[in-house]
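Engineer: Once you've had a glance at the structure underneath, I'll fire off some questions.
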Amino acid sequence: MLYLAVRRCRRVYLEAYTSVLTVGKEALEEFYGKELILADRETVEQEADSILRDADVCDVAFLVVGDPFGATTHSDLVLRAVKLGIPYQVIHNASIMNAVGCCGLQLYNFGETVSIVFWTDTWKPESFFDKIKKNRQNGTHTLCLLDIKVKEQSLENLMKGRKIYEPPRYMSVNQAAQQLLDIIRNRRLQGEEPEITEDTICVGLARVGAPDQKIASGTLYQMSTVELGGPLHSMIVTGTMHPLELEMLKLFSVDTSNFENNEHGLALT
């Protein structure tokens with residue numbers, strides 16, 4: 001269905017900043033027999049009208065890695081099309097939001113998804129930690145989406161209006177875990193015993209759905225040292241686990257003794 005839809009389009013855009021295309025743009029162009037126009041953040045957020053240009057008289061495709069509605073930016077395109085009287089069709093796809101089930105944790109046991117952002121020397125938000133804490137208190141798992149920096153400008157270049165961009169950066173499971181560990185230490189210094197500790201069972205995932213997909217389960221501390229290779233990475237902080245979930249996570253364990261010590265976290269219902 002997608003193949004035929006793309007083939008009949010006059011213009012085909014490939015969204016190129018909320019995720020990473022594992023097969024490469026050239027492979028897709030060969031498959032569809034169409035030139036793909038890369039749509040970066042600037043194009044999608046500031047030049048959306050150019051994407052919709054003439055879409056009322058010819059077909060235009062907007063390809064997304066994952067599901068089209070995994071980012072609110074894509075909902076904005078739909079709203080713009082409706083206001084212009086342009087009909088649209090959505091062809092859904094799998095995304096990390098449901099593909100995380102590959103690690104064995106049951107999707108209906110997940111709470112609110114959070115985004116973990118890159119810290120800087122002067123900006124170290126902790127709001128994502130409090131959301132994870134709330135999920136843990138409710139017994140639910142937390143899917144953590146890790147930060148992506150593509151076509152970003154330094155503050156100096158931004159202020160001077162220079163179109164000079166920083167090299168792409170993709171947060172790793174190691175970095176995300178280390179930031180959580182830093183927050184735990186900060187909270188303890190403030191007299192709080194956090195809901196999440198160094199021994200909380202977590203899951204690191206890399207390149208889910210690709211041939212070189214990797215999954216590792218273990219403590220939060222172990223996630224700060226495990227090596228999962230190139231992007232994209234995601235991380236799960238577990239809540240209360242069903243015995244079947246625990247057995248599945250053991251398949252990917254860094255150290256099976258971690259799970260034996262975690263028996264008290266089981267849900268037996």
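Residues are named by chain letter and number: chains run A, B, ... in the order of the structure tokens, numbers start at 1 in each chain, and ligands are numbered from 1 in the order shown.
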Could you pull the residues within 12 Å of range 94-98 of chain A, counting only C-alpha atoms, minus those fewer than 2 positions along the same chain, as a CSV table (one decimal) with C-alpha atoms, in the first residue's frame?

Structural biologist:
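Result file is around-v9.csv:
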```csv
chain,number,residue,atom,x,y,z
A,18,THR,CA,13.1,12.8,14.8
A,19,SER,CA,14.7,9.5,14.1
A,20,VAL,CA,17.4,7.7,12.1
A,64,VAL,CA,8.4,9.3,8.6
A,65,VAL,CA,10.7,6.8,10.4
A,66,GLY,CA,8.3,5.0,12.8
A,67,ASP,CA,4.7,6.0,13.1
A,68,PRO,CA,3.6,9.3,11.5
A,69,PHE,CA,2.0,10.5,14.8
A,70,GLY,CA,5.0,9.8,17.0
A,71,ALA,CA,5.8,13.5,17.0
A,91,ILE,CA,-0.4,4.8,6.5
A,92,HIS,CA,0.6,3.7,9.9
A,100,VAL,CA,9.8,-1.9,22.9
A,101,GLY,CA,7.7,-5.0,23.5
A,102,CYS,CA,10.6,-7.0,22.0
A,103,CYS,CA,12.3,-7.0,25.4
A,104,GLY,CA,9.4,-8.9,27.0
A,105,LEU,CA,7.8,-6.1,29.1
A,106,GLN,CA,4.1,-6.0,28.5
A,107,LEU,CA,2.9,-2.8,26.7
A,108,TYR,CA,-0.1,-2.3,28.9
A,109,ASN,CA,2.2,-2.1,32.0
A,110,PHE,CA,3.8,1.1,30.8
A,111,GLY,CA,3.1,4.5,32.2
A,112,GLU,CA,3.8,7.9,30.8
A,113,THR,CA,6.6,8.0,28.3
A,114,VAL,CA,9.4,10.6,29.1
A,142,THR,CA,8.8,4.0,31.9
A,143,LEU,CA,9.9,4.2,28.3
A,144,CYS,CA,12.6,6.9,28.1
A,145,LEU,CA,13.2,8.4,24.7
A,146,LEU,CA,16.7,9.7,24.4
A,205,LEU,CA,17.7,-0.9,23.6
A,206,ALA,CA,19.5,0.1,20.5
A,207,ARG,CA,18.5,0.2,16.8
A,208,VAL,CA,15.2,-1.7,17.5
A,209,GLY,CA,13.9,-3.4,14.4
A,210,ALA,CA,17.3,-3.4,12.6
A,232,LEU,CA,19.2,5.2,18.1
A,233,HIS,CA,19.0,4.2,21.8
A,234,SER,CA,16.1,4.0,24.2
A,235,MET,CA,15.9,3.0,27.8
A,236,ILE,CA,13.2,1.5,30.1
```

Engineer: I'd like the neighbourhood of Lys34 in chain A as a list in words, where a residue qualifies if any of its atoms comes within 12 Å (using only C-alpha atoms), though same-chain residues fewer than 5 positions away should be ignored.

Structural biologist: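 Result of the neighbour search: Tyr3, Leu4, Ala5, Val6, Arg7, Arg8, Cys9, Arg10, Arg11, Val12, Tyr13, Leu14, Lys25, Glu26, Ala27, Leu28, Glu29, Val60 and Ala61 of chain A.
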
Engineer: Next, the residues of the selection above should be written as a compact mmCIF listing (two decimals), in the first residue's frame with all heavy atoms.

Structural biologist:
```txt
# COMPACT_ATOMS: atom_id res chain seq x y z
N TYR A 3 4.02 1.48 -0.89
CA TYR A 3 4.80 1.51 -2.13
C TYR A 3 4.00 2.18 -3.25
O TYR A 3 4.48 3.07 -3.93
CB TYR A 3 5.20 0.10 -2.53
CG TYR A 3 5.93 0.01 -3.84
CD1 TYR A 3 7.29 0.30 -3.92
CD2 TYR A 3 5.26 -0.34 -5.01
CE1 TYR A 3 7.97 0.23 -5.12
CE2 TYR A 3 5.92 -0.42 -6.21
CZ TYR A 3 7.28 -0.13 -6.27
OH TYR A 3 7.94 -0.19 -7.47
N LEU A 4 2.76 1.75 -3.42
CA LEU A 4 1.92 2.30 -4.49
C LEU A 4 1.61 3.78 -4.25
O LEU A 4 1.58 4.58 -5.18
CB LEU A 4 0.62 1.49 -4.60
CG LEU A 4 0.78 0.04 -5.04
CD1 LEU A 4 -0.57 -0.66 -5.03
CD2 LEU A 4 1.40 -0.04 -6.44
N ALA A 5 1.39 4.12 -2.97
CA ALA A 5 1.09 5.52 -2.64
C ALA A 5 2.27 6.42 -2.97
O ALA A 5 2.10 7.50 -3.54
CB ALA A 5 0.72 5.63 -1.16
N VAL A 6 3.47 5.97 -2.62
CA VAL A 6 4.66 6.78 -2.88
C VAL A 6 4.92 6.89 -4.39
O VAL A 6 5.27 7.95 -4.89
CB VAL A 6 5.89 6.18 -2.15
CG1 VAL A 6 7.18 6.88 -2.60
CG2 VAL A 6 5.72 6.29 -0.65
N ARG A 7 4.73 5.81 -5.10
CA ARG A 7 5.00 5.79 -6.55
C ARG A 7 4.15 6.80 -7.31
O ARG A 7 4.60 7.35 -8.32
CB ARG A 7 4.75 4.39 -7.10
CG ARG A 7 5.80 3.37 -6.69
CD ARG A 7 7.07 3.48 -7.48
NE ARG A 7 6.84 3.18 -8.90
CZ ARG A 7 7.77 3.31 -9.85
NH1 ARG A 7 8.96 3.77 -9.53
NH2 ARG A 7 7.50 3.00 -11.10
N ARG A 8 2.94 7.07 -6.83
CA ARG A 8 2.07 7.97 -7.58
C ARG A 8 2.24 9.44 -7.17
O ARG A 8 1.57 10.32 -7.71
CB ARG A 8 0.61 7.56 -7.42
CG ARG A 8 0.02 7.75 -6.05
CD ARG A 8 -1.50 7.51 -6.06
NE ARG A 8 -2.06 7.67 -4.75
CZ ARG A 8 -2.40 6.67 -3.94
NH1 ARG A 8 -2.20 5.41 -4.33
NH2 ARG A 8 -2.91 6.90 -2.74
N CYS A 9 3.14 9.69 -6.23
CA CYS A 9 3.32 11.06 -5.75
C CYS A 9 4.27 11.86 -6.63
O CYS A 9 5.27 11.33 -7.14
CB CYS A 9 3.85 11.06 -4.31
SG CYS A 9 2.60 10.55 -3.12
N ARG A 10 3.99 13.14 -6.76
CA ARG A 10 4.85 14.03 -7.54
C ARG A 10 6.08 14.42 -6.72
O ARG A 10 7.18 14.53 -7.25
CB ARG A 10 4.08 15.29 -7.94
CG ARG A 10 4.90 16.23 -8.84
CD ARG A 10 4.09 17.43 -9.31
NE ARG A 10 2.93 17.02 -10.11
CZ ARG A 10 2.02 17.87 -10.57
NH1 ARG A 10 2.12 19.18 -10.30
NH2 ARG A 10 1.00 17.43 -11.28
N ARG A 11 5.88 14.66 -5.43
CA ARG A 11 7.00 14.97 -4.54
C ARG A 11 6.95 14.03 -3.34
O ARG A 11 5.87 13.72 -2.82
CB ARG A 11 6.95 16.42 -4.03
CG ARG A 11 7.10 17.46 -5.10
CD ARG A 11 7.43 18.85 -4.50
NE ARG A 11 6.56 19.24 -3.40
CZ ARG A 11 5.34 19.75 -3.55
NH1 ARG A 11 4.82 19.92 -4.78
NH2 ARG A 11 4.60 20.09 -2.50
N VAL A 12 8.14 13.60 -2.88
CA VAL A 12 8.22 12.70 -1.73
C VAL A 12 9.25 13.25 -0.75
O VAL A 12 10.43 13.40 -1.08
CB VAL A 12 8.63 11.27 -2.15
CG1 VAL A 12 8.66 10.35 -0.92
CG2 VAL A 12 7.68 10.72 -3.20
N TYR A 13 8.79 13.59 0.45
CA TYR A 13 9.66 14.12 1.49
C TYR A 13 10.02 13.01 2.48
O TYR A 13 9.20 12.13 2.78
CB TYR A 13 8.97 15.26 2.25
CG TYR A 13 8.74 16.49 1.42
CD1 TYR A 13 7.56 16.64 0.69
CD2 TYR A 13 9.69 17.51 1.36
CE1 TYR A 13 7.34 17.78 -0.08
CE2 TYR A 13 9.48 18.65 0.59
CZ TYR A 13 8.30 18.78 -0.13
OH TYR A 13 8.08 19.90 -0.89
N LEU A 14 11.23 13.07 2.98
CA LEU A 14 11.67 12.13 4.01
C LEU A 14 12.04 12.94 5.24
O LEU A 14 13.00 13.71 5.23
CB LEU A 14 12.88 11.32 3.53
CG LEU A 14 13.53 10.41 4.58
CD1 LEU A 14 12.55 9.33 5.05
CD2 LEU A 14 14.79 9.75 4.01
N LYS A 25 19.04 6.81 2.68
CA LYS A 25 18.17 7.49 1.72
C LYS A 25 18.27 6.88 0.32
O LYS A 25 17.27 6.70 -0.37
CB LYS A 25 18.55 8.98 1.67
CG LYS A 25 17.87 9.82 0.61
CD LYS A 25 18.24 11.28 0.79
CE LYS A 25 17.71 12.16 -0.34
NZ LYS A 25 18.52 12.03 -1.57
N GLU A 26 19.48 6.54 -0.10
CA GLU A 26 19.69 6.02 -1.45
C GLU A 26 18.96 4.70 -1.67
O GLU A 26 18.41 4.45 -2.74
CB GLU A 26 21.19 5.84 -1.73
CG GLU A 26 21.99 7.14 -1.75
CD GLU A 26 22.23 7.71 -0.37
OE1 GLU A 26 22.05 6.98 0.63
OE2 GLU A 26 22.59 8.91 -0.28
N ALA A 27 18.95 3.84 -0.64
CA ALA A 27 18.26 2.56 -0.76
C ALA A 27 16.76 2.76 -0.93
O ALA A 27 16.12 2.05 -1.72
CB ALA A 27 18.54 1.70 0.48
N LEU A 28 16.21 3.73 -0.23
CA LEU A 28 14.79 4.02 -0.37
C LEU A 28 14.48 4.58 -1.76
O LEU A 28 13.46 4.24 -2.36
CB LEU A 28 14.33 5.03 0.70
CG LEU A 28 13.86 4.47 2.05
CD1 LEU A 28 13.21 5.58 2.86
CD2 LEU A 28 12.90 3.32 1.87
N GLU A 29 15.35 5.45 -2.26
CA GLU A 29 15.14 6.02 -3.59
C GLU A 29 15.15 4.93 -4.65
O GLU A 29 14.35 4.95 -5.59
CB GLU A 29 16.21 7.08 -3.87
CG GLU A 29 16.02 8.36 -3.06
CD GLU A 29 17.09 9.40 -3.34
OE1 GLU A 29 18.25 8.99 -3.57
OE2 GLU A 29 16.78 10.60 -3.33
N VAL A 60 1.36 14.31 -2.71
CA VAL A 60 2.64 14.58 -2.07
C VAL A 60 2.76 13.62 -0.89
O VAL A 60 1.81 13.43 -0.13
CB VAL A 60 2.72 16.03 -1.56
CG1 VAL A 60 4.03 16.26 -0.80
CG2 VAL A 60 2.61 17.01 -2.72
N ALA A 61 3.92 12.98 -0.74
CA ALA A 61 4.13 12.04 0.37
C ALA A 61 5.10 12.63 1.38
O ALA A 61 6.05 13.33 1.03
CB ALA A 61 4.68 10.71 -0.15
```

Engineer: DSSP on the backbone, then: every residue of range 6-246 of chain A marked alpha helix (DSSP H), written as a PyMOL selection string.

Structural biologist: chain A and resi 6-7+25-32+41-46+48-52+72-83+96-99+127-137+155-159+173-189+220-223+243-246

Engineer: Enumerate the residues of range 61-201 of chain A with a DSSP assignment of strand (DSSP E or B), computed from the backbone, and present them as JSON, numbers by chain.

Structural biologist: {"A": [61, 62, 63, 110, 114, 115, 116, 141, 142, 143, 144, 145, 146, 148, 149, 169, 170, 201]}

Engineer: With only C-alpha atoms as the atoms that count, which of A:Phe31, A:Thr225, A:Thr22, A:Tyr17 lies nearest to Thr43 in chain A?

Structural biologist: A:Tyr17

Engineer: State, in Å with one decimal place, the distance from CA of His141 in chain A to CA of Gly239 in chain A.

Structural biologist: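 Value for the CA of His141 in chain A-CA of Gly239 in chain A distance: 4.5 Å.
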
Engineer: So, counting only C-alpha atoms, which residue among A:Asp130, A:Glu15, A:Asp54, A:Glu245 is closest to Ile201 in chain A?

Structural biologist: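 Closest candidate: A:Glu245.
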
Engineer: Hey, which of A:Pro87, A:Gly24, A:Pro167, A:Pro211 ends up closest to Asp59 in chain A? Count only C-alpha atoms.

Structural biologist: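 Closest residue, counting only C-alpha atoms: A:Pro87.
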
Engineer: What does the distance from CA of Thr120 in chain A to CA of Ala39 in chain A come to in Å, to one decimal?

Structural biologist: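 Taking CA of Thr120 in chain A and CA of Ala39 in chain A, their separation equals 27.1 Å.
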
Engineer: Go through A:Leu63, A:Ser257, A:Thr73, A:Ile196 one by one, measure the shortest atom-to-atom distance of each to Leu36 in chain A using only C-alpha atoms, and give the residue with the smallest value.

Structural biologist: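 Ranked by minimum distance to Leu36 in chain A, first place goes to A:Leu63.
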
Engineer: Between A:Lys131, A:Ser217, A:Gly204, A:Pro231, which residue has the minimum interatomic distance to Met248 in chain A, considering only C-alpha atoms?

Structural biologist: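 Smallest distance to Met248 in chain A is found for A:Ser217.
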
Engineer: Please determine, counting only C-alpha atoms, which residue among A:Glu227, A:Glu195, A:Asp76, A:Glu126 has the shortest atom-to-atom distance to Gln179 in chain A.

Structural biologist: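 That would be A:Glu126, the residue with the smallest distance to Gln179 in chain A.
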
Engineer: Which residues are close to Ile183 in chain A, i.e. within 10 Å by only C-alpha atoms, leaving aside same-chain residues fewer than 6 positions away? Reply as a VMD selection string.

Structural biologist: chain A and resid 124 to 126 129 177 189 194 196 to 197

Engineer: Any chance you could export the current selection's N, CA and C atoms as a compact mmCIF listing (two decimals), in the first residue's frame?

Structural biologist:
```txt
# COMPACT_ATOMS: atom_id res chain seq x y z
N LYS A 124 20.33 21.74 33.60
CA LYS A 124 20.24 20.34 33.99
C LYS A 124 18.85 20.05 34.57
N PRO A 125 17.84 20.00 33.70
CA PRO A 125 16.48 19.76 34.18
C PRO A 125 16.33 18.35 34.74
N GLU A 126 15.42 18.21 35.71
CA GLU A 126 15.18 16.91 36.35
C GLU A 126 13.72 16.50 36.26
N PHE A 129 12.83 12.87 35.68
CA PHE A 129 13.04 11.97 36.80
C PHE A 129 11.78 11.85 37.65
N ALA A 177 21.59 6.94 31.60
CA ALA A 177 21.70 6.32 32.91
C ALA A 177 22.57 7.17 33.84
N LEU A 189 21.56 14.09 48.62
CA LEU A 189 22.20 15.22 49.30
C LEU A 189 21.16 16.17 49.87
N PRO A 194 15.39 8.48 46.87
CA PRO A 194 14.62 8.41 45.62
C PRO A 194 13.95 7.06 45.41
N ILE A 196 13.84 5.66 42.57
CA ILE A 196 14.74 4.94 41.66
C ILE A 196 16.13 4.96 42.29
N THR A 197 16.81 3.82 42.27
CA THR A 197 18.15 3.74 42.83
C THR A 197 19.11 3.13 41.81
```
